[in-house]
$ cat input08.cif   # mmCIF, C-alpha atoms
data_final
#
loop_
_atom_site.label_atom_id
_atom_site.label_comp_id
_atom_site.auth_asym_id
_atom_site.auth_seq_id
_atom_site.Cartn_x
_atom_site.Cartn_y
_atom_site.Cartn_z
CA MET A 1 234.31 141.60 158.74
CA ALA A 2 233.75 139.53 155.59
CA PRO A 3 236.91 138.30 153.86
CA THR A 4 237.92 139.87 150.56
CA LYS A 5 236.43 138.01 147.60
CA VAL A 6 237.80 137.86 144.07
CA LEU A 7 235.42 137.11 141.20
CA ALA A 8 237.66 135.89 138.41
CA GLY A 9 237.47 134.61 134.85
CA ALA A 10 234.24 136.26 133.69
CA ARG A 11 233.67 138.65 130.84
CA VAL A 12 233.44 141.84 132.90
CA VAL A 13 231.58 144.86 131.52
CA LEU A 14 233.32 148.06 132.65
CA PRO A 15 232.63 151.69 131.67
CA THR A 16 235.59 151.44 129.28
CA GLY A 17 234.36 148.25 127.61
CA THR A 18 234.29 144.49 128.13
CA VAL A 19 237.32 142.71 129.61
CA ASP A 20 237.69 138.99 128.92
CA ASP A 21 238.97 136.89 131.81
CA GLY A 22 238.41 139.83 134.14
CA ARG A 23 238.73 140.13 137.91
CA VAL A 24 236.58 142.09 140.36
CA SER A 25 237.67 142.28 144.01
CA VAL A 26 235.10 142.84 146.75
CA ASP A 27 236.19 144.11 150.16
CA GLY A 28 233.28 144.27 152.59
CA THR A 29 230.48 146.21 150.91
CA ARG A 30 232.64 147.85 148.23
CA ILE A 31 234.53 147.03 145.08
CA ALA A 32 238.26 147.12 145.81
CA ALA A 33 241.16 148.03 143.53
CA THR A 34 243.27 145.10 144.71
CA ALA A 35 242.96 141.97 146.82
CA PRO A 36 245.41 140.12 149.05
CA GLY A 37 246.86 136.85 147.79
CA SER A 38 244.87 135.01 150.46
CA ALA A 39 241.52 136.27 149.13
CA GLU A 40 238.75 133.76 148.48
CA THR A 41 238.39 133.34 144.69
CA LEU A 42 235.27 132.36 142.74
CA ASP A 43 235.87 131.11 139.21
CA LEU A 44 233.28 132.66 136.88
CA SER A 45 234.77 131.40 133.62
CA GLY A 46 232.16 131.24 130.88
CA HIS A 47 229.98 133.88 132.57
CA TRP A 48 229.28 137.59 132.31
CA LEU A 49 229.76 139.97 135.25
CA VAL A 50 227.77 143.22 135.02
CA PRO A 51 226.75 145.99 137.43
CA GLY A 52 223.62 145.55 139.54
CA PHE A 53 220.48 146.74 137.75
CA VAL A 54 218.77 150.04 138.66
CA ASP A 55 214.98 150.25 138.21
CA ILE A 56 213.55 153.78 138.41
CA HIS A 57 209.93 152.81 137.65
CA ASN A 58 208.44 149.84 139.50
CA HIS A 59 205.06 149.32 141.20
CA GLY A 60 205.62 145.95 142.88
CA GLY A 61 206.33 142.26 142.55
CA GLY A 62 206.25 138.92 144.30
CA GLY A 63 202.50 139.33 144.83
CA ALA A 64 203.00 142.63 146.70
CA SER A 65 202.33 146.25 145.79
CA PHE A 66 204.38 149.41 146.23
CA ALA A 67 201.33 151.48 145.29
CA GLY A 68 199.22 150.91 148.39
CA GLY A 69 200.61 148.03 150.38
CA THR A 70 202.17 147.91 153.82
CA ALA A 71 205.87 148.29 154.54
CA GLU A 72 206.21 144.49 154.57
CA ASP A 73 204.46 144.33 151.17
CA VAL A 74 206.99 146.78 149.78
CA LEU A 75 209.88 144.77 151.21
CA GLN A 76 208.45 141.59 149.70
CA GLY A 77 208.39 143.24 146.29
CA VAL A 78 211.89 144.60 146.77
CA ARG A 79 213.23 141.14 147.65
CA THR A 80 211.59 139.69 144.54
CA HIS A 81 213.20 142.21 142.20
CA ARG A 82 216.59 141.97 143.94
CA ALA A 83 216.56 138.25 143.21
CA HIS A 84 216.19 139.22 139.54
CA GLY A 85 219.15 141.62 139.61
CA ALA A 86 217.58 144.97 140.59
CA THR A 87 219.96 145.87 143.40
CA THR A 88 218.60 149.46 143.40
CA LEU A 89 214.92 150.21 143.01
CA VAL A 90 212.63 153.25 143.15
CA ALA A 91 209.10 152.53 144.39
CA SER A 92 206.39 153.95 142.13
CA ALA A 93 202.96 155.04 143.37
CA VAL A 94 199.90 155.20 141.10
CA THR A 95 197.05 157.69 140.97
CA GLY A 96 195.11 157.89 144.21
CA ASP A 97 193.47 160.30 146.59
CA LEU A 98 195.96 163.07 147.38
CA ASP A 99 195.81 162.59 151.15
CA PHE A 100 196.32 158.85 150.77
CA LEU A 101 199.30 159.42 148.48
CA ALA A 102 200.82 161.79 151.02
CA ARG A 103 200.40 159.28 153.86
CA HIS A 104 201.76 156.43 151.75
CA ALA A 105 204.74 158.58 150.75
CA GLY A 106 205.59 158.97 154.42
CA MET A 107 205.83 155.18 154.83
CA LEU A 108 207.88 154.79 151.64
CA ALA A 109 210.18 157.60 152.80
CA GLU A 110 211.04 155.62 155.94
CA LEU A 111 212.01 152.62 153.79
CA ALA A 112 214.13 154.90 151.62
CA GLN A 113 215.87 156.34 154.67
CA GLN A 114 216.67 152.77 155.77
CA GLY A 115 218.19 152.04 152.34
CA ASP A 116 215.56 149.48 151.27
CA ILE A 117 214.45 151.56 148.28
CA ALA A 118 216.14 154.43 146.46
CA GLY A 119 213.22 156.84 146.71
CA ILE A 120 209.69 157.45 145.46
CA HIS A 121 208.24 157.99 141.99
CA PHE A 122 204.76 159.52 141.79
CA GLU A 123 203.03 158.36 138.59
CA GLY A 124 199.83 160.35 138.77
CA PRO A 125 197.45 161.87 139.69
CA PHE A 126 198.59 164.80 137.51
CA ILE A 127 198.12 163.04 134.17
CA SER A 128 195.84 163.31 131.17
CA PRO A 129 192.44 161.56 131.13
CA CYS A 130 193.02 161.12 127.38
CA ARG A 131 196.04 158.90 128.08
CA LYS A 132 195.21 157.53 131.51
CA GLY A 133 196.17 153.90 130.86
CA ALA A 134 195.59 151.93 134.09
CA HIS A 135 194.84 154.98 136.25
CA ASP A 136 191.45 155.80 137.79
CA GLU A 137 190.04 158.70 135.75
CA GLN A 138 187.90 159.92 138.65
CA LEU A 139 191.03 160.62 140.70
CA LEU A 140 192.98 162.49 138.01
CA ARG A 141 193.60 166.21 138.45
CA ASP A 142 195.45 169.07 136.83
CA PRO A 143 198.98 169.57 138.17
CA ASP A 144 198.53 172.25 140.81
CA PRO A 145 201.99 173.34 142.06
CA ALA A 146 200.66 173.55 145.63
CA GLU A 147 199.53 169.91 145.48
CA VAL A 148 202.78 168.87 143.83
CA ARG A 149 204.60 170.56 146.71
CA LYS A 150 202.41 168.66 149.20
CA LEU A 151 203.61 165.33 147.80
CA ILE A 152 207.23 166.48 147.70
CA ASP A 153 207.01 167.51 151.36
CA ALA A 154 205.27 164.25 152.32
CA ALA A 155 208.21 162.32 150.88
CA HIS A 156 210.66 163.93 153.35
CA GLY A 157 213.41 164.40 150.81
CA GLN A 158 212.88 160.98 149.19
CA ALA A 159 210.84 162.07 146.14
CA ARG A 160 212.91 161.13 143.10
CA MET A 161 210.52 161.55 140.17
CA MET A 162 207.00 162.65 139.26
CA THR A 163 205.22 161.87 136.00
CA LEU A 164 203.09 164.71 134.64
CA ALA A 165 200.96 165.56 131.65
CA THR A 166 202.75 168.86 131.30
CA GLU A 167 200.27 170.31 128.79
CA LEU A 168 197.57 170.52 131.48
CA PRO A 169 196.94 173.79 133.37
CA GLY A 170 199.70 174.23 135.95
CA GLY A 171 201.93 171.69 134.19
CA LEU A 172 204.86 173.90 133.31
CA ASP A 173 204.85 175.63 136.69
CA SER A 174 204.85 172.20 138.34
CA VAL A 175 207.83 171.12 136.23
CA ARG A 176 209.74 174.20 137.35
CA LEU A 177 208.83 173.50 140.99
CA LEU A 178 210.04 169.91 140.72
CA ALA A 179 213.30 171.00 139.12
CA GLU A 180 213.86 173.57 141.89
CA HIS A 181 213.47 170.81 144.49
CA GLY A 182 215.77 168.35 142.73
CA VAL A 183 212.94 166.00 141.73
CA ILE A 184 212.93 164.57 138.20
CA ALA A 185 210.00 165.87 136.15
CA ALA A 186 208.94 163.15 133.71
CA VAL A 187 206.64 163.67 130.74
CA GLY A 188 204.12 160.85 130.52
CA HIS A 189 200.47 159.82 130.29
CA THR A 190 200.30 162.91 128.13
CA ASP A 191 198.35 164.19 125.14
CA ALA A 192 200.84 166.98 124.49
CA SER A 193 201.85 168.23 121.07
CA TYR A 194 205.43 168.38 119.83
CA GLU A 195 205.62 172.08 120.70
CA GLN A 196 204.09 171.63 124.16
CA THR A 197 206.56 168.87 124.93
CA LEU A 198 209.51 171.08 123.98
CA GLN A 199 208.14 173.72 126.36
CA ALA A 200 208.13 171.12 129.15
CA VAL A 201 211.75 170.19 128.47
CA ASP A 202 212.73 173.85 128.42
CA ALA A 203 210.98 174.19 131.80
CA GLY A 204 213.10 171.37 133.26
CA ALA A 205 211.57 167.98 132.34
CA THR A 206 214.33 165.40 131.80
CA VAL A 207 212.64 161.98 131.51
CA ALA A 208 210.08 160.39 129.19
CA THR A 209 207.88 157.99 131.15
CA HIS A 210 207.68 154.67 129.23
CA LEU A 211 208.24 156.30 125.83
CA PHE A 212 205.62 155.41 123.16
CA ASN A 213 203.15 154.12 125.78
CA ALA A 214 200.33 156.39 127.05
CA MET A 215 201.08 159.21 124.60
CA PRO A 216 200.02 160.11 121.04
CA PRO A 217 201.71 158.01 118.35
CA LEU A 218 204.31 159.54 116.09
CA GLY A 219 202.67 161.17 113.08
CA HIS A 220 204.28 162.57 109.96
CA ARG A 221 202.41 165.89 110.28
CA ALA A 222 201.89 165.79 114.05
CA PRO A 223 205.19 164.47 115.46
CA GLY A 224 203.86 164.74 119.00
CA PRO A 225 205.78 164.11 122.22
CA ILE A 226 207.66 161.04 120.99
CA THR A 227 209.70 163.00 118.45
CA ALA A 228 210.35 165.87 120.86
CA LEU A 229 211.52 163.53 123.62
CA LEU A 230 213.69 161.39 121.34
CA GLU A 231 215.50 164.27 119.70
CA ASP A 232 216.26 166.41 122.77
CA GLU A 233 219.67 165.65 124.28
CA ARG A 234 218.43 166.70 127.72
CA VAL A 235 215.92 163.84 127.96
CA THR A 236 216.38 160.22 129.04
CA VAL A 237 213.71 157.89 127.65
CA GLU A 238 212.29 154.97 129.64
CA LEU A 239 211.63 151.77 127.69
CA ILE A 240 209.70 148.67 128.82
CA ASN A 241 211.40 145.77 127.05
CA ASP A 242 208.96 142.95 127.70
CA GLY A 243 207.85 142.23 124.13
CA THR A 244 204.33 143.45 124.91
CA HIS A 245 204.75 147.20 125.35
CA LEU A 246 207.16 147.69 122.42
CA HIS A 247 207.89 145.92 119.15
CA PRO A 248 211.63 145.13 118.82
CA ALA A 249 211.90 147.49 115.85
CA THR A 250 210.39 150.30 117.92
CA LEU A 251 212.86 149.67 120.70
CA ARG A 252 215.77 149.67 118.26
CA LEU A 253 214.48 152.93 116.75
CA ALA A 254 214.56 154.58 120.18
CA PHE A 255 218.06 153.26 120.89
CA HIS A 256 219.33 154.38 117.51
CA HIS A 257 217.91 157.89 117.80
CA ALA A 258 218.45 158.60 121.51
CA GLY A 259 221.77 156.77 121.73
CA ARG A 260 222.98 154.45 124.48
CA ASP A 261 223.47 157.24 127.03
CA ARG A 262 219.84 158.43 126.96
CA VAL A 263 217.93 155.18 127.44
CA ALA A 264 216.79 153.69 130.75
CA PHE A 265 215.25 150.22 130.83
CA ILE A 266 212.44 150.00 133.39
CA THR A 267 210.03 147.27 134.40
CA ASP A 268 206.89 149.31 135.23
CA ALA A 269 206.22 146.07 137.12
CA MET A 270 203.10 145.39 139.17
CA ASP A 271 202.40 142.76 141.84
CA ALA A 272 202.44 139.78 139.49
CA ALA A 273 206.11 140.23 138.51
CA GLY A 274 208.00 137.18 139.70
CA PHE A 275 204.74 135.71 140.99
CA GLY A 276 202.26 134.51 138.36
CA ASP A 277 198.96 134.94 136.58
CA GLY A 278 195.75 135.85 138.41
CA ARG A 279 193.69 138.79 139.67
CA TYR A 280 195.46 141.75 141.31
CA MET A 281 194.82 145.35 142.33
CA LEU A 282 196.86 148.24 140.92
CA GLY A 283 195.88 151.07 143.23
CA PRO A 284 192.07 151.06 143.06
CA MET A 285 191.97 149.27 139.68
CA GLU A 286 191.41 145.52 139.24
CA VAL A 287 193.89 143.79 136.93
CA GLU A 288 193.80 140.39 135.24
CA VAL A 289 197.19 138.83 134.45
CA ALA A 290 197.08 136.12 131.79
CA ASP A 291 200.13 134.58 130.11
CA GLY A 292 202.25 137.17 131.89
CA VAL A 293 200.41 140.19 130.43
CA ALA A 294 198.61 142.53 132.84
CA ARG A 295 195.41 144.25 131.68
CA LEU A 296 192.61 146.12 133.42
CA VAL A 297 189.57 143.92 134.01
CA GLU A 298 187.42 146.84 132.87
CA GLY A 299 188.50 148.26 129.52
CA GLY A 300 191.46 145.98 128.83
CA SER A 301 194.23 148.63 128.97
CA ILE A 302 197.72 147.32 129.63
CA ALA A 303 198.29 147.72 133.38
CA GLY A 304 202.02 147.85 133.94
CA SER A 305 204.04 144.71 133.33
CA THR A 306 205.18 141.47 134.93
CA LEU A 307 208.72 142.16 133.75
CA THR A 308 211.91 141.70 135.76
CA LEU A 309 215.12 143.38 134.64
CA ASP A 310 217.02 140.14 134.08
CA ARG A 311 214.45 139.25 131.42
CA ALA A 312 214.72 142.73 129.92
CA PHE A 313 218.51 142.31 129.74
CA LYS A 314 218.38 138.91 128.05
CA ARG A 315 215.73 140.05 125.57
CA ALA A 316 217.71 143.17 124.65
CA VAL A 317 220.73 141.07 123.67
CA THR A 318 219.14 137.92 122.25
CA VAL A 319 215.99 139.32 120.58
CA ASP A 320 216.69 143.00 119.96
CA GLY A 321 220.32 142.44 119.01
CA LEU A 322 221.76 145.24 121.15
CA PRO A 323 225.42 145.21 122.23
CA VAL A 324 225.90 144.06 125.81
CA GLU A 325 227.68 147.30 126.70
CA ASP A 326 224.68 149.34 125.51
CA VAL A 327 222.31 147.22 127.57
CA VAL A 328 224.46 147.70 130.68
CA ALA A 329 224.33 151.46 130.12
CA ALA A 330 220.54 151.38 129.85
CA ILE A 331 219.92 149.06 132.78
CA SER A 332 222.56 150.29 135.25
CA ALA A 333 224.70 153.34 134.45
CA ASN A 334 222.07 155.68 132.99
CA PRO A 335 219.38 155.21 135.67
CA ALA A 336 222.06 155.50 138.38
CA ARG A 337 223.14 158.83 136.89
CA LEU A 338 219.53 160.04 136.70
CA LEU A 339 219.11 159.35 140.41
CA GLY A 340 222.35 161.15 141.22
CA LEU A 341 223.77 157.92 142.63
CA ASP A 342 226.41 157.20 140.00
CA ASP A 343 229.17 157.91 142.52
CA ARG A 344 228.05 154.73 144.34
CA ILE A 345 226.30 152.44 141.89
CA GLY A 346 225.80 151.77 138.17
CA SER A 347 229.25 150.51 137.22
CA LEU A 348 231.95 148.12 138.40
CA GLU A 349 234.62 150.50 139.68
CA PRO A 350 236.78 150.56 142.82
CA GLY A 351 235.12 152.38 145.70
CA LYS A 352 231.58 151.80 144.49
CA ASP A 353 229.04 149.51 146.17
CA ALA A 354 229.65 145.84 145.38
CA ASP A 355 226.35 145.51 143.48
CA LEU A 356 226.70 143.07 140.62
CA VAL A 357 224.95 140.42 138.56
CA VAL A 358 226.37 137.16 137.21
CA LEU A 359 224.88 135.92 133.92
CA ASP A 360 225.63 132.68 132.14
CA ALA A 361 226.69 132.47 128.50
CA GLY A 362 223.03 132.57 127.42
CA PHE A 363 222.37 135.68 129.55
CA ASP A 364 220.30 133.92 132.17
CA LEU A 365 220.84 135.21 135.71
CA VAL A 366 222.77 132.89 138.03
CA GLY A 367 224.01 135.26 140.77
CA VAL A 368 223.24 138.60 142.41
CA MET A 369 225.40 140.45 144.91
CA ARG A 370 224.24 143.55 146.78
CA ARG A 371 226.68 145.52 148.90
CA GLY A 372 229.06 142.60 149.07
CA GLU A 373 226.48 139.97 150.12
CA TRP A 374 225.06 137.32 147.81
CA VAL A 375 221.32 137.75 147.30
CA VAL A 376 221.43 134.90 144.80
CA ASP A 377 224.51 132.76 145.40
CA PRO A 378 225.86 131.39 142.13
CA GLN A 379 226.02 127.63 142.39
CA LEU A 380 228.72 126.88 139.86
CA GLY A 381 230.07 123.41 139.17
#
$ encode --input "input08.cif" --output "structure tokens"
Amino acid sequence: MAPTKVLAGARVVLPTGTVDDGRVSVDGTRIAATAPGSAETLDLSGHWLVPGFVDIHNHGGGGASFAGGTAEDVLQGVRTHRAHGATTLVASAVTGDLDFLARHAGMLAELAQQGDIAGIHFEGPFISPCRKGAHDEQLLRDPDPAEVRKLIDAAHGQARMMTLATELPGGLDSVRLLAEHGVIAAVGHTDASYEQTLQAVDAGATVATHLFNAMPPLGHRAPGPITALLEDERVTVELINDGTHLHPATLRLAFHHAGRDRVAFITDAMDAAGFGDGRYMLGPMEVEVADGVARLVEGGSIAGSTLTLDRAFKRAVTVDGLPVEDVVAAISANPARLLGLDDRIGSLEPGKDADLVVLDAGFDLVGVMRRGEWVVDPQLG
């Protein structure tokens, strides 16, 4: 059994606020309330200590895809994002043939059962051709509750979220079905009106998939889904903070209106995250990544991101000017609560998994611990 470790001297972000010169004790895989005097101590003076990041919307990384790759591809992507602080990650699928999606969900479910991923997010095929983004229009379909149920069943209890254009025929019934099965219904890739979006929330939708992106813009006479999703206290809004998907002022607007407890930072990452520029496949669609921005070869739509959550964290503090405590809520506590895992992850509290991230004074990542083991060992001094 691993000896108890004490991480001392850092600015520690707790649910109650930031503690200067804080101490976090790790006993085995868990955070402990106390530590013996003989415990090994790591001096983290001059650093930040925050909970491990939780990414609920991620398609891949490290040159590997969650959307159609093998189990080893998925693990490669998981390792890449863990090294950037995402100690918990949901694997997102993209639009594809329904039978393929069901088979792929079976493989992802096995990885979830092993604890490698925290479940499956289906982004498509039940989305609007008007707001398809980087999804293959020929494979899109209306949300038929029977087909939604097929994907839920194929995931063997590991389906965590499904993104729907809820205004389409069958949309509201599908939202109700998802809610009945404990699967998050997310409004996204949608052309819904303000009123239609409110109907979806009343039916049980609780997440906005990458708010502002792949939905009608906010209008002063047609407020659309953005206004409905921002103003409803039942909804958590996903934000991609890479500087490409959202202007800093837009991000601050969402934070101001939704509040710190209703924002979840996501990557929406694809294969190139943590890997580099080049040509990639996102499902059946070819993507060109140049200067870190992913776009479809045909049509030029933004095709996910190359973001990692450590970069999203640093940008939120240093560019967007958000308080560190608010960023921790958005990148750890809120997504953990959405997944129903906040009894184990999302904050630095005794009894929870020892998932944590060490950042230097400039908010660059220098260490990652997952379940008491260093994924990235901080080399200090």
$ resolve_selection --input "input08.cif" --expression "the PyMOL selection byres ((chain A and resi 365-381) around 8)" --output "ChimeraX atom specification"
/A:26-30,44,52,82-85,87,310,353-360,363-364
$ resolve_selection --input "input08.cif" --expression "the PyMOL selection byres ((chain A and resi 313-330) around 8)" --output "number ranges by chain"
A: 13, 17-18, 50-51, 241-242, 248-249, 251-252, 260-265, 309-312, 331-335, 362-364
$ residues_around --input "input08.cif" --residues "Val207 of chain A" --least-positions-apart "2" --cutoff "12 Å" --atoms "all atoms listed in the file" --output "PDB file with C-alpha atoms, in the frame of the given file"
ATOM      1  CA  ILE A  56     213.550 153.780 138.410  1.00  0.00           C
ATOM      2  CA  HIS A  57     209.930 152.810 137.650  1.00  0.00           C
ATOM      3  CA  ARG A 160     212.910 161.130 143.100  1.00  0.00           C
ATOM      4  CA  MET A 161     210.520 161.550 140.170  1.00  0.00           C
ATOM      5  CA  MET A 162     207.000 162.650 139.260  1.00  0.00           C
ATOM      6  CA  THR A 163     205.220 161.870 136.000  1.00  0.00           C
ATOM      7  CA  LEU A 164     203.090 164.710 134.640  1.00  0.00           C
ATOM      8  CA  VAL A 175     207.830 171.120 136.230  1.00  0.00           C
ATOM      9  CA  ALA A 179     213.300 171.000 139.120  1.00  0.00           C
ATOM     10  CA  VAL A 183     212.940 166.000 141.730  1.00  0.00           C
ATOM     11  CA  ILE A 184     212.930 164.570 138.200  1.00  0.00           C
ATOM     12  CA  ALA A 185     210.000 165.870 136.150  1.00  0.00           C
ATOM     13  CA  ALA A 186     208.940 163.150 133.710  1.00  0.00           C
ATOM     14  CA  VAL A 187     206.640 163.670 130.740  1.00  0.00           C
ATOM     15  CA  GLY A 188     204.120 160.850 130.520  1.00  0.00           C
ATOM     16  CA  THR A 197     206.560 168.870 124.930  1.00  0.00           C
ATOM     17  CA  ALA A 200     208.130 171.120 129.150  1.00  0.00           C
ATOM     18  CA  VAL A 201     211.750 170.190 128.470  1.00  0.00           C
ATOM     19  CA  GLY A 204     213.100 171.370 133.260  1.00  0.00           C
ATOM     20  CA  ALA A 205     211.570 167.980 132.340  1.00  0.00           C
ATOM     21  CA  THR A 209     207.880 157.990 131.150  1.00  0.00           C
ATOM     22  CA  HIS A 210     207.680 154.670 129.230  1.00  0.00           C
ATOM     23  CA  LEU A 211     208.240 156.300 125.830  1.00  0.00           C
ATOM     24  CA  PRO A 225     205.780 164.110 122.220  1.00  0.00           C
ATOM     25  CA  ILE A 226     207.660 161.040 120.990  1.00  0.00           C
ATOM     26  CA  ALA A 228     210.350 165.870 120.860  1.00  0.00           C
ATOM     27  CA  LEU A 229     211.520 163.530 123.620  1.00  0.00           C
ATOM     28  CA  LEU A 230     213.690 161.390 121.340  1.00  0.00           C
ATOM     29  CA  ASP A 232     216.260 166.410 122.770  1.00  0.00           C
ATOM     30  CA  GLU A 233     219.670 165.650 124.280  1.00  0.00           C
ATOM     31  CA  ARG A 234     218.430 166.700 127.720  1.00  0.00           C
ATOM     32  CA  VAL A 235     215.920 163.840 127.960  1.00  0.00           C
ATOM     33  CA  THR A 236     216.380 160.220 129.040  1.00  0.00           C
ATOM     34  CA  VAL A 237     213.710 157.890 127.650  1.00  0.00           C
ATOM     35  CA  GLU A 238     212.290 154.970 129.640  1.00  0.00           C
ATOM     36  CA  LEU A 239     211.630 151.770 127.690  1.00  0.00           C
ATOM     37  CA  ARG A 262     219.840 158.430 126.960  1.00  0.00           C
ATOM     38  CA  VAL A 263     217.930 155.180 127.440  1.00  0.00           C
ATOM     39  CA  ALA A 264     216.790 153.690 130.750  1.00  0.00           C
ATOM     40  CA  ASN A 334     222.070 155.680 132.990  1.00  0.00           C
ATOM     41  CA  PRO A 335     219.380 155.210 135.670  1.00  0.00           C
ATOM     42  CA  LEU A 338     219.530 160.040 136.700  1.00  0.00           C
ATOM     43  CA  LEU A 339     219.110 159.350 140.410  1.00  0.00           C
TER      44      LEU A 339
END
$ atom_distance --input "input08.cif" --atom1 "atom CA of Gly278 of chain A" --atom2 "atom CA of Gly133 of chain A"
19.6 Å
$ atom_distance --input "input08.cif" --atom1 "atom CA of Gly351 of chain A" --atom2 "atom CA of Leu42 of chain A"
20.2 Å
$ closest_residue --input "input08.cif" --among "A:Glu195, A:Glu231, A:Glu180, A:Asp271" --to "Thr80 of chain A" --atoms "only C-alpha atoms"
A:Asp271
$ closest_residue --input "input08.cif" --among "A:Gly77, A:Gly63, A:Pro129, A:Gly340" --to "Ile117 of chain A" --atoms "all atoms listed in the file"
A:Gly77
$ decode --input "input08.cif" --residues "segment 170-184 of chain A" --atoms "C-alpha atoms" --output "compact mmCIF listing (two decimals), in the first residue's frame"
# COMPACT_ATOMS: atom_id res chain seq x y z
CA GLY A 170 -40.07 12.94 -31.76
CA GLY A 171 -37.74 15.35 -29.96
CA LEU A 172 -39.77 16.00 -26.84
CA ASP A 173 -40.75 12.34 -26.45
CA SER A 174 -37.07 11.42 -26.77
CA VAL A 175 -36.14 13.94 -24.06
CA ARG A 176 -38.71 12.39 -21.74
CA LEU A 177 -37.37 8.90 -22.51
CA LEU A 178 -33.81 9.97 -21.75
CA ALA A 179 -34.86 11.58 -18.48
CA GLU A 180 -36.72 8.41 -17.46
CA HIS A 181 -33.54 6.39 -18.02
CA GLY A 182 -31.28 8.79 -16.14
CA VAL A 183 -29.50 10.01 -19.28
CA ILE A 184 -28.83 13.73 -19.66
